[in-house]
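Coordinates from query.pdb are shown below (PDB, C-alpha atoms and all ligand atoms).
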ATOM      1  CA  MET A1438      22.076-266.016  19.056
ATOM      2  CA  VAL A1439      22.769-268.263  22.044
ATOM      3  CA  ASP A1440      20.017-268.615  24.630
ATOM      4  CA  GLN A1441      21.643-267.439  27.870
ATOM      5  CA  ASN A1442      19.697-270.032  29.815
ATOM      6  CA  SER A1443      20.288-272.885  27.380
ATOM      7  CA  THR A1444      22.884-274.478  29.646
ATOM      8  CA  LEU A1445      20.379-274.726  32.452
ATOM      9  CA  LYS A1446      17.591-276.443  30.545
ATOM     10  CA  GLY A1447      16.961-279.890  31.935
ATOM     11  CA  VAL A1448      19.430-279.334  34.797
ATOM     12  CA  VAL A1449      17.460-277.131  37.136
ATOM     13  CA  PRO A1450      14.664-278.918  38.943
ATOM     14  CA  THR A1451      11.628-277.147  40.287
ATOM     15  CA  GLY A1452      11.747-276.453  44.011
ATOM     16  CA  PRO A1453      11.225-273.870  46.725
ATOM     17  CA  ARG A1454      10.190-270.393  45.689
ATOM     18  CA  PHE A1455      13.164-268.114  45.049
ATOM     19  CA  PHE A1456      12.890-264.379  45.726
ATOM     20  CA  GLY A1457      15.303-262.410  43.599
ATOM     21  CA  ARG A1458      16.550-261.700  40.109
ATOM     22  CA  ARG A1459      17.495-264.529  37.759
ATOM     23  CA  LYS A1460      18.680-262.186  34.981
ATOM     24  CA  GLY A1461      20.106-258.696  34.883
ATOM     25  CA  ARG A1462      21.726-256.851  31.975
ATOM     26  CA  PRO A1463      21.837-258.770  28.676
ATOM     27  CA  LEU A1464      24.894-261.009  28.626
ATOM     28  CA  LYS A1465      27.825-260.230  26.347
ATOM     29  CA  THR A1466      28.787-262.891  23.808
ATOM     30  CA  SER A1467      31.852-263.807  25.889
ATOM     31  CA  MET A1468      29.658-264.430  28.941
ATOM     32  CA  LYS A1469      27.228-266.535  26.914
ATOM     33  CA  ARG A1470      30.161-268.616  25.713
ATOM     34  CA  LEU A1471      31.250-269.157  29.322
ATOM     35  CA  LEU A1472      27.749-270.295  30.277
ATOM     36  CA  ASP A1473      27.425-272.637  27.329
ATOM     37  CA  GLU A1474      30.943-274.053  27.326
ATOM     38  CA  GLY A1475      32.377-273.463  30.802
ATOM     39  CA  LEU A1476      29.406-274.144  33.058
ATOM     40  CA  PRO A1477      28.725-277.750  31.978
ATOM     41  CA  LYS A1478      32.332-278.600  32.915
ATOM     42  CA  ILE A1479      32.007-277.397  36.497
ATOM     43  CA  ILE A1480      28.295-277.470  37.220
ATOM     44  CA  PHE A1481      27.533-279.061  40.595
ATOM     45  CA  ASP A1482      25.605-282.276  40.106
ATOM     46  CA  PRO A1483      23.466-283.140  43.147
ATOM     47  CA  LEU A1484      23.114-286.713  41.889
ATOM     48  CA  GLN A1485      26.861-287.449  41.953
ATOM     49  CA  LYS A1486      29.138-287.986  44.967
ATOM     50  CA  ILE A1487      30.948-284.738  45.802
ATOM     51  CA  ASP A1488      34.445-286.250  45.957
ATOM     52  CA  HIS A1489      33.868-287.769  42.542
ATOM     53  CA  GLN A1490      32.952-284.383  41.086
ATOM     54  CA  PHE A1491      36.186-282.805  42.292
ATOM     55  CA  GLY A1492      38.267-285.902  41.659
ATOM     56  CA  ARG A1493      39.621-285.807  45.202
ATOM     57  CA  HIS A1494      38.656-285.686  48.853
ATOM     58  CA  ALA A1495      39.333-282.329  50.565
ATOM     59  CA  ASP A1496      37.717-279.875  52.963
ATOM     60  CA  TYR A1497      34.521-278.506  51.419
ATOM     61  CA  TYR A1498      33.196-274.974  51.701
ATOM     62  CA  LEU A1499      29.838-273.675  50.484
ATOM     63  CA  GLU A1500      29.047-270.086  49.526
ATOM     64  CA  ILE A1501      25.358-269.251  49.369
ATOM     65  CA  GLY A1502      24.568-266.373  46.978
ATOM     66  CA  PHE A1503      28.025-265.664  45.531
ATOM     67  CA  GLY A1504      26.812-262.663  43.468
ATOM     68  CA  GLY A1505      29.670-261.821  41.066
ATOM     69  CA  GLY A1506      31.813-264.654  42.453
ATOM     70  CA  GLU A1507      34.849-262.590  43.478
ATOM     71  CA  PHE A1508      34.684-263.833  47.068
ATOM     72  CA  ILE A1509      34.557-267.574  46.343
ATOM     73  CA  ALA A1510      37.160-267.154  43.578
ATOM     74  CA  GLY A1511      39.446-265.374  46.069
ATOM     75  CA  LEU A1512      39.001-268.177  48.591
ATOM     76  CA  ALA A1513      39.574-270.891  46.001
ATOM     77  CA  ALA A1514      42.770-269.206  44.802
ATOM     78  CA  ALA A1515      44.047-268.721  48.365
ATOM     79  CA  ARG A1516      43.212-272.291  49.451
ATOM     80  CA  PRO A1517      43.968-274.592  46.520
ATOM     81  CA  GLU A1518      43.934-277.578  48.893
ATOM     82  CA  CYS A1519      40.190-277.065  49.582
ATOM     83  CA  ASN A1520      37.084-277.584  47.424
ATOM     84  CA  PHE A1521      34.425-274.917  46.980
ATOM     85  CA  ILE A1522      30.761-275.097  45.984
ATOM     86  CA  GLY A1523      29.007-271.860  45.090
ATOM     87  CA  ALA A1524      25.252-271.433  44.658
ATOM     88  CA  GLU A1525      23.781-268.443  42.826
ATOM     89  CA  PRO A1526      20.583-268.239  40.751
ATOM     90  CA  PHE A1527      21.484-264.841  39.197
ATOM     91  CA  ILE A1528      22.754-265.911  35.786
ATOM     92  CA  ASN A1529      24.922-262.828  35.190
ATOM     93  CA  GLY A1530      26.692-263.651  38.480
ATOM     94  CA  VAL A1531      27.242-267.245  37.355
ATOM     95  CA  ALA A1532      28.823-265.953  34.138
ATOM     96  CA  SER A1533      31.008-263.590  36.181
ATOM     97  CA  LEU A1534      32.266-266.437  38.403
ATOM     98  CA  LEU A1535      32.974-268.528  35.308
ATOM     99  CA  ARG A1536      35.158-265.672  34.068
ATOM    100  CA  HIS A1537      37.105-265.628  37.366
ATOM    101  CA  VAL A1538      37.494-269.422  37.176
ATOM    102  CA  GLU A1539      38.803-269.211  33.624
ATOM    103  CA  GLU A1540      41.118-266.241  34.217
ATOM    104  CA  GLN A1541      42.603-267.692  37.398
ATOM    105  CA  GLN A1542      42.544-271.297  36.187
ATOM    106  CA  LEU A1543      40.690-272.444  39.302
ATOM    107  CA  GLY A1544      40.112-276.178  39.405
ATOM    108  CA  ASN A1545      38.553-276.339  42.879
ATOM    109  CA  ILE A1546      35.145-274.692  42.315
ATOM    110  CA  ARG A1547      31.811-276.247  41.347
ATOM    111  CA  ILE A1548      28.825-274.045  40.589
ATOM    112  CA  TRP A1549      25.176-274.614  41.332
ATOM    113  CA  PRO A1550      23.352-272.019  39.179
ATOM    114  CA  ASP A1551      20.144-271.974  41.190
ATOM    115  CA  ASP A1552      18.544-271.794  44.610
ATOM    116  CA  VAL A1553      20.898-273.378  47.168
ATOM    117  CA  ARG A1554      18.004-275.108  48.914
ATOM    118  CA  LEU A1555      17.674-277.478  45.977
ATOM    119  CA  ILE A1556      21.093-279.043  46.588
ATOM    120  CA  LEU A1557      21.206-279.097  50.372
ATOM    121  CA  PRO A1558      19.716-282.590  50.663
ATOM    122  CA  ALA A1559      22.554-283.837  48.403
ATOM    123  CA  LEU A1560      25.254-282.625  50.798
ATOM    124  CA  GLY A1561      25.734-285.193  53.506
ATOM    125  CA  GLY A1562      25.823-284.663  57.269
ATOM    126  CA  GLY A1563      29.200-283.265  58.417
ATOM    127  CA  SER A1564      30.274-282.833  54.789
ATOM    128  CA  LEU A1565      31.246-279.156  55.049
ATOM    129  CA  ALA A1566      34.196-277.503  56.778
ATOM    130  CA  GLY A1567      32.360-274.215  56.485
ATOM    131  CA  ALA A1568      29.704-272.089  54.816
ATOM    132  CA  PHE A1569      29.487-268.415  53.903
ATOM    133  CA  ILE A1570      26.505-266.114  53.425
ATOM    134  CA  MET A1571      27.968-262.763  52.471
ATOM    135  CA  PHE A1572      25.763-259.670  52.282
ATOM    136  CA  PRO A1573      22.459-261.468  51.674
ATOM    137  CA  ASP A1574      19.477-259.520  50.341
ATOM    138  CA  PRO A1575      18.395-257.641  53.496
ATOM    139  CA  TRP A1576      14.590-257.795  53.195
ATOM    140  CA  PRO A1577      14.301-255.272  56.066
ATOM    141  CA  LYS A1578      10.490-255.090  56.127
ATOM    142  CA  ARG A1579       8.826-257.360  58.610
ATOM    143  CA  ARG A1580       6.245-258.504  56.057
ATOM    144  CA  HIS A1581       9.130-259.837  53.922
ATOM    145  CA  ALA A1582      10.732-261.778  56.773
ATOM    146  CA  GLY A1583       9.814-265.039  55.036
ATOM    147  CA  ARG A1584      12.112-264.104  52.137
ATOM    148  CA  ARG A1585      15.229-263.792  54.288
ATOM    149  CA  ILE A1586      17.738-266.460  53.421
ATOM    150  CA  LEU A1587      18.669-267.525  56.949
ATOM    151  CA  GLN A1588      15.423-269.256  57.916
ATOM    152  CA  PRO A1589      15.353-271.783  60.790
ATOM    153  CA  THR A1590      15.143-274.657  58.286
ATOM    154  CA  LEU A1591      18.290-273.506  56.477
ATOM    155  CA  LEU A1592      20.128-273.100  59.780
ATOM    156  CA  ASP A1593      19.096-276.602  60.827
ATOM    157  CA  GLN A1594      20.385-277.936  57.512
ATOM    158  CA  LEU A1595      23.652-276.015  57.870
ATOM    159  CA  ALA A1596      24.043-277.302  61.422
ATOM    160  CA  THR A1597      23.753-280.830  60.068
ATOM    161  CA  MET A1598      26.084-280.296  57.110
ATOM    162  CA  ILE A1599      28.827-278.276  58.827
ATOM    163  CA  ARG A1600      31.024-280.636  60.802
ATOM    164  CA  PRO A1601      31.648-280.028  64.533
ATOM    165  CA  GLY A1602      34.262-277.274  64.878
ATOM    166  CA  GLY A1603      33.470-276.025  61.352
ATOM    167  CA  ASN A1604      32.524-272.437  60.525
ATOM    168  CA  LEU A1605      29.536-270.420  59.466
ATOM    169  CA  THR A1606      30.454-266.898  58.346
ATOM    170  CA  LEU A1607      27.777-264.250  57.836
ATOM    171  CA  ALA A1608      28.217-260.649  56.709
ATOM    172  CA  SER A1609      26.034-257.643  56.068
ATOM    173  CA  ASP A1610      26.065-253.859  55.899
ATOM    174  CA  ASP A1611      22.343-253.468  56.524
ATOM    175  CA  PRO A1612      21.283-252.799  60.148
ATOM    176  CA  ALA A1613      18.098-254.871  59.876
ATOM    177  CA  ALA A1614      19.910-257.779  58.207
ATOM    178  CA  LYS A1615      22.750-257.668  60.754
ATOM    179  CA  SER A1616      20.158-257.998  63.453
ATOM    180  CA  TRP A1617      18.189-260.897  61.872
ATOM    181  CA  LEU A1618      21.379-262.749  60.893
ATOM    182  CA  LEU A1619      22.788-262.487  64.403
ATOM    183  CA  GLN A1620      19.497-263.273  66.068
ATOM    184  CA  ALA A1621      18.916-266.357  63.910
ATOM    185  CA  ALA A1622      22.399-267.828  64.350
ATOM    186  CA  MET A1623      22.733-266.946  68.053
ATOM    187  CA  SER A1624      19.427-268.493  68.925
ATOM    188  CA  HIS A1625      20.422-271.749  67.230
ATOM    189  CA  GLY A1626      21.834-274.151  69.776
ATOM    190  CA  ASP A1627      24.444-275.635  67.419
ATOM    191  CA  PHE A1628      26.305-272.414  66.608
ATOM    192  CA  VAL A1629      28.477-270.225  68.844
ATOM    193  CA  TRP A1630      29.406-266.648  67.931
ATOM    194  CA  THR A1631      33.184-266.484  68.315
ATOM    195  CA  ALA A1632      33.576-262.679  68.657
ATOM    196  CA  ARG A1633      35.602-261.456  71.650
ATOM    197  CA  HIS A1634      36.195-257.853  70.599
ATOM    198  CA  PRO A1635      34.334-255.323  68.354
ATOM    199  CA  ASP A1636      37.151-255.560  65.790
ATOM    200  CA  ASP A1637      36.144-259.204  65.338
ATOM    201  CA  TRP A1638      32.983-258.054  63.565
ATOM    202  CA  ARG A1639      34.044-254.586  62.377
ATOM    203  CA  LYS A1640      37.122-255.579  60.381
ATOM    204  CA  LEU A1641      37.351-257.746  57.289
ATOM    205  CA  PRO A1642      38.573-261.046  58.745
ATOM    206  CA  MET A1643      42.058-262.168  57.715
ATOM    207  CA  GLY A1644      42.051-264.386  54.665
ATOM    208  CA  LEU A1645      38.613-263.282  53.415
ATOM    209  CA  SER A1646      38.191-261.356  50.169
ATOM    210  CA  GLU A1647      36.058-258.304  49.681
ATOM    211  CA  THR A1648      32.749-258.755  47.871
ATOM    212  CA  ARG A1649      31.011-256.522  45.361
ATOM    213  CA  TYR A1650      28.221-255.683  47.818
ATOM    214  CA  MET A1651      30.722-254.955  50.556
ATOM    215  CA  ARG A1652      32.486-252.390  48.340
ATOM    216  CA  LYS A1653      29.147-250.912  47.267
ATOM    217  CA  ALA A1654      28.161-250.509  50.934
ATOM    218  CA  GLU A1655      31.431-248.843  51.880
ATOM    219  CA  ARG A1656      31.169-246.398  48.961
ATOM    220  CA  ALA A1657      27.706-245.473  50.244
ATOM    221  CA  GLY A1658      29.085-244.933  53.757
ATOM    222  CA  ARG A1659      27.543-248.053  55.305
ATOM    223  CA  ARG A1660      29.656-250.172  57.645
ATOM    224  CA  PRO A1661      29.896-253.881  56.978
ATOM    225  CA  SER A1662      30.014-256.413  59.798
ATOM    226  CA  TRP A1663      31.284-259.993  59.713
ATOM    227  CA  PHE A1664      29.877-262.584  62.102
ATOM    228  CA  HIS A1665      31.866-265.723  62.557
ATOM    229  CA  PHE A1666      30.129-268.746  64.133
ATOM    230  CA  ARG A1667      31.612-272.073  65.093
ATOM    231  CA  ARG A1668      29.610-275.288  64.841
ATOM    232  CA  ARG A1669      29.512-276.732  68.342
ATOM    233  CA  ASP A1670      31.280-280.005  68.951
ATOM    234  CA  SER A1671      28.148-281.454  70.427
ATOM    235  CA  VAL A1672      24.547-280.378  70.554
ATOM    236  CA  ALA A1673      23.770-277.886  73.337
ATOM    237  CA  PRO A1674      21.896-279.360  76.323
TER     238      PRO A1674
HETATM  239  C1  LIG A1701      22.822-258.859  47.902
HETATM  240  S1  LIG A1701      23.522-260.110  46.882
HETATM  241  C2  LIG A1701      25.154-260.356  47.543
HETATM  242  C3  LIG A1701      26.069-261.032  46.573
HETATM  243  C4  LIG A1701      27.486-261.318  47.089
HETATM  244  N1  LIG A1701      27.469-262.278  48.188
HETATM  245  C5  LIG A1701      28.201-260.065  47.500
HETATM  246  O1  LIG A1701      28.445-259.878  48.707
HETATM  247  O2  LIG A1701      28.520-259.249  46.617
HETATM  248  C6  LIG A1701      22.688-261.573  47.476
HETATM  249  C7  LIG A1701      22.782-262.730  46.498
HETATM  250  O3  LIG A1701      22.182-263.896  47.062
HETATM  251  C8  LIG A1701      21.567-264.610  46.010
HETATM  252  N2  LIG A1701      20.557-265.495  46.603
HETATM  253  C9  LIG A1701      19.372-265.131  47.173
HETATM  254  N3  LIG A1701      18.678-266.214  47.540
HETATM  255  C10 LIG A1701      19.442-267.289  47.219
HETATM  256  C11 LIG A1701      19.259-268.700  47.344
HETATM  257  N4  LIG A1701      18.136-269.203  47.865
HETATM  258  N5  LIG A1701      20.233-269.520  46.898
HETATM  259  C12 LIG A1701      21.366-269.007  46.367
HETATM  260  N6  LIG A1701      21.596-267.694  46.225
HETATM  261  C13 LIG A1701      20.643-266.836  46.630
HETATM  262  C14 LIG A1701      20.979-263.527  45.123
HETATM  263  O4  LIG A1701      20.727-263.974  43.802
HETATM  264  C15 LIG A1701      22.055-262.449  45.180
HETATM  265  O5  LIG A1701      22.983-262.559  44.115
END

File written out as structure tokens:
Amino acid sequence: MVDQNSTLKGVVPTGPRFFGRRKGRPLKTSMKRLLDEGLPKIIFDPLQKIDHQFGRHADYYLEIGFGGGEFIAGLAAARPECNFIGAEPFINGVASLLRHVEEQQLGNIRIWPDDVRLILPALGGGSLAGAFIMFPDPWPKRRHAGRRILQPTLLDQLATMIRPGGNLTLASDDPAAKSWLLQAAMSHGDFVWTARHPDDWRKLPMGLSETRYMRKAERAGRRPSWFHFRRRDSVAP
């Protein structure tokens, strides 16, 4: 029997505390094979230069918490000229993205199978054309506010890594999460919310794929919102 975490041994450093599931349902043999054979080929290596890992220079996008990976796989397929880095500590999700990569023969994705905060220092200033946080865990209770992904430190890091004019896209179906996502990004001087009309946040933006959590929310009658922020050209006065 293959250890479903064997691929990660020695790769994942210790770091900030992560709140969430690392494992879900037992992995099928095919998923274990993907983790053991596929992941080492496209694992993101924070110690190597990014261009070197992709074998080319291109626009880089980061997805934080890719879940089952359908969103980042959709983006990578639609924009073959760009490079994509996805971070997700949930090992079943990593296996699912590896399946999308294999089925769609995607050569422009690298996977970090752990907490995104561990690789942020490795991404240089202005290195990203954009970042996505789609349907993050909502942590609606005030006493769990410290577990919410979009903390001021992460926003500061994203503001440094996303180049001027680049994008930060946030989405949620949870009223509390919509409010803390918007509040956090709007109160950060380096990001501007680009919405002009309610449809700008009520409709799935052109060119973006659906996600598993988005579909789950819609089936349950909850309305997703998408918040698109632009990294300011220069720091606000
Ligand atoms: C509610 S799920 C949404 C998954 C996916 N984006 C979607 O829309 O279907 C949130 C995901 O974020 C991941 N996550 C939470 N904290 C994270 C972190 N610090 N770094 C990377 N991923 C994280 C979780 O493991 C979980 O899979």

Could you make a table, as CSV, of the residues of region 1496-1532 of chain A that have an atom within 12 Å of an atom of region 1598-1618 of chain A, each with its nearest atom pair and distance in Å to one decimal, counting only C-alpha atoms, in chain and number order?
residue,atom,partner,partner_atom,distance
A:Asp1496,CA,A:Gly1603,CA,10.2
A:Tyr1497,CA,A:Ile1599,CA,9.3
A:Tyr1498,CA,A:Ile1599,CA,9.0
A:Leu1499,CA,A:Leu1605,CA,9.6
A:Glu1500,CA,A:Thr1606,CA,9.5
A:Ile1501,CA,A:Leu1607,CA,10.1
A:Gly1502,CA,A:Leu1607,CA,11.5

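In this structure, CA of Ile1548 (chain A) sits 25.7 Å away from CA of Ala1654 (chain A).
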
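Between ligand LIG 1701 (chain A) and the candidates A:Phe1666, A:Phe1481, A:Trp1638, A:Phe1503, the tightest atom-to-atom separation, counting all atoms listed in the file, involves A:Phe1503.
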
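When all atoms listed in the file are used to measure the gap to ligand LIG 1701 (chain A), the shortest distance among A:Ala1596, A:Leu1543, A:Ile1522, A:Leu1535 belongs to A:Ile1522.
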
Coordinates-based distance that separates CA of Phe1508 (chain A) from CA of Phe1491 (chain A) (Å, one decimal) | 19.6 Å

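Run against this file, the PyMOL selection byres (((chain A and resi 1623-1633) around 8) and not hetatm) gives back Leu1592, Ala1596, Leu1619, Gln1620, Ala1621, Ala1622, His1634, Pro1635, Asp1637, Trp1638, Phe1664, His1665, Phe1666, Arg1667, Arg1668, Arg1669, Ser1671, Val1672 and Ala1673 of chain A.
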
Calculate how many Å separate CA of Leu1565 (chain A) from CA of Asn1520 (chain A), rounding to one decimal.
-> 9.7 Å

Expected answer as a PyMOL selection string: residues within 7 Å of ligand LIG 1701 (chain A), only C-alpha atoms and all ligand atoms | chain A and resi 1455-1459+1501-1505+1524-1527+1530+1551-1554+1570-1574+1586+1648-1651

Would you list the residues near (24.1, -283.7, 47.6), meaning any protein, DNA or RNA residue with an atom at most 8 Å from that point in file coordinates, counting only C-alpha atoms, as an MDAnalysis selection string?
-> chainID A and resid 1482:1487 1556:1561
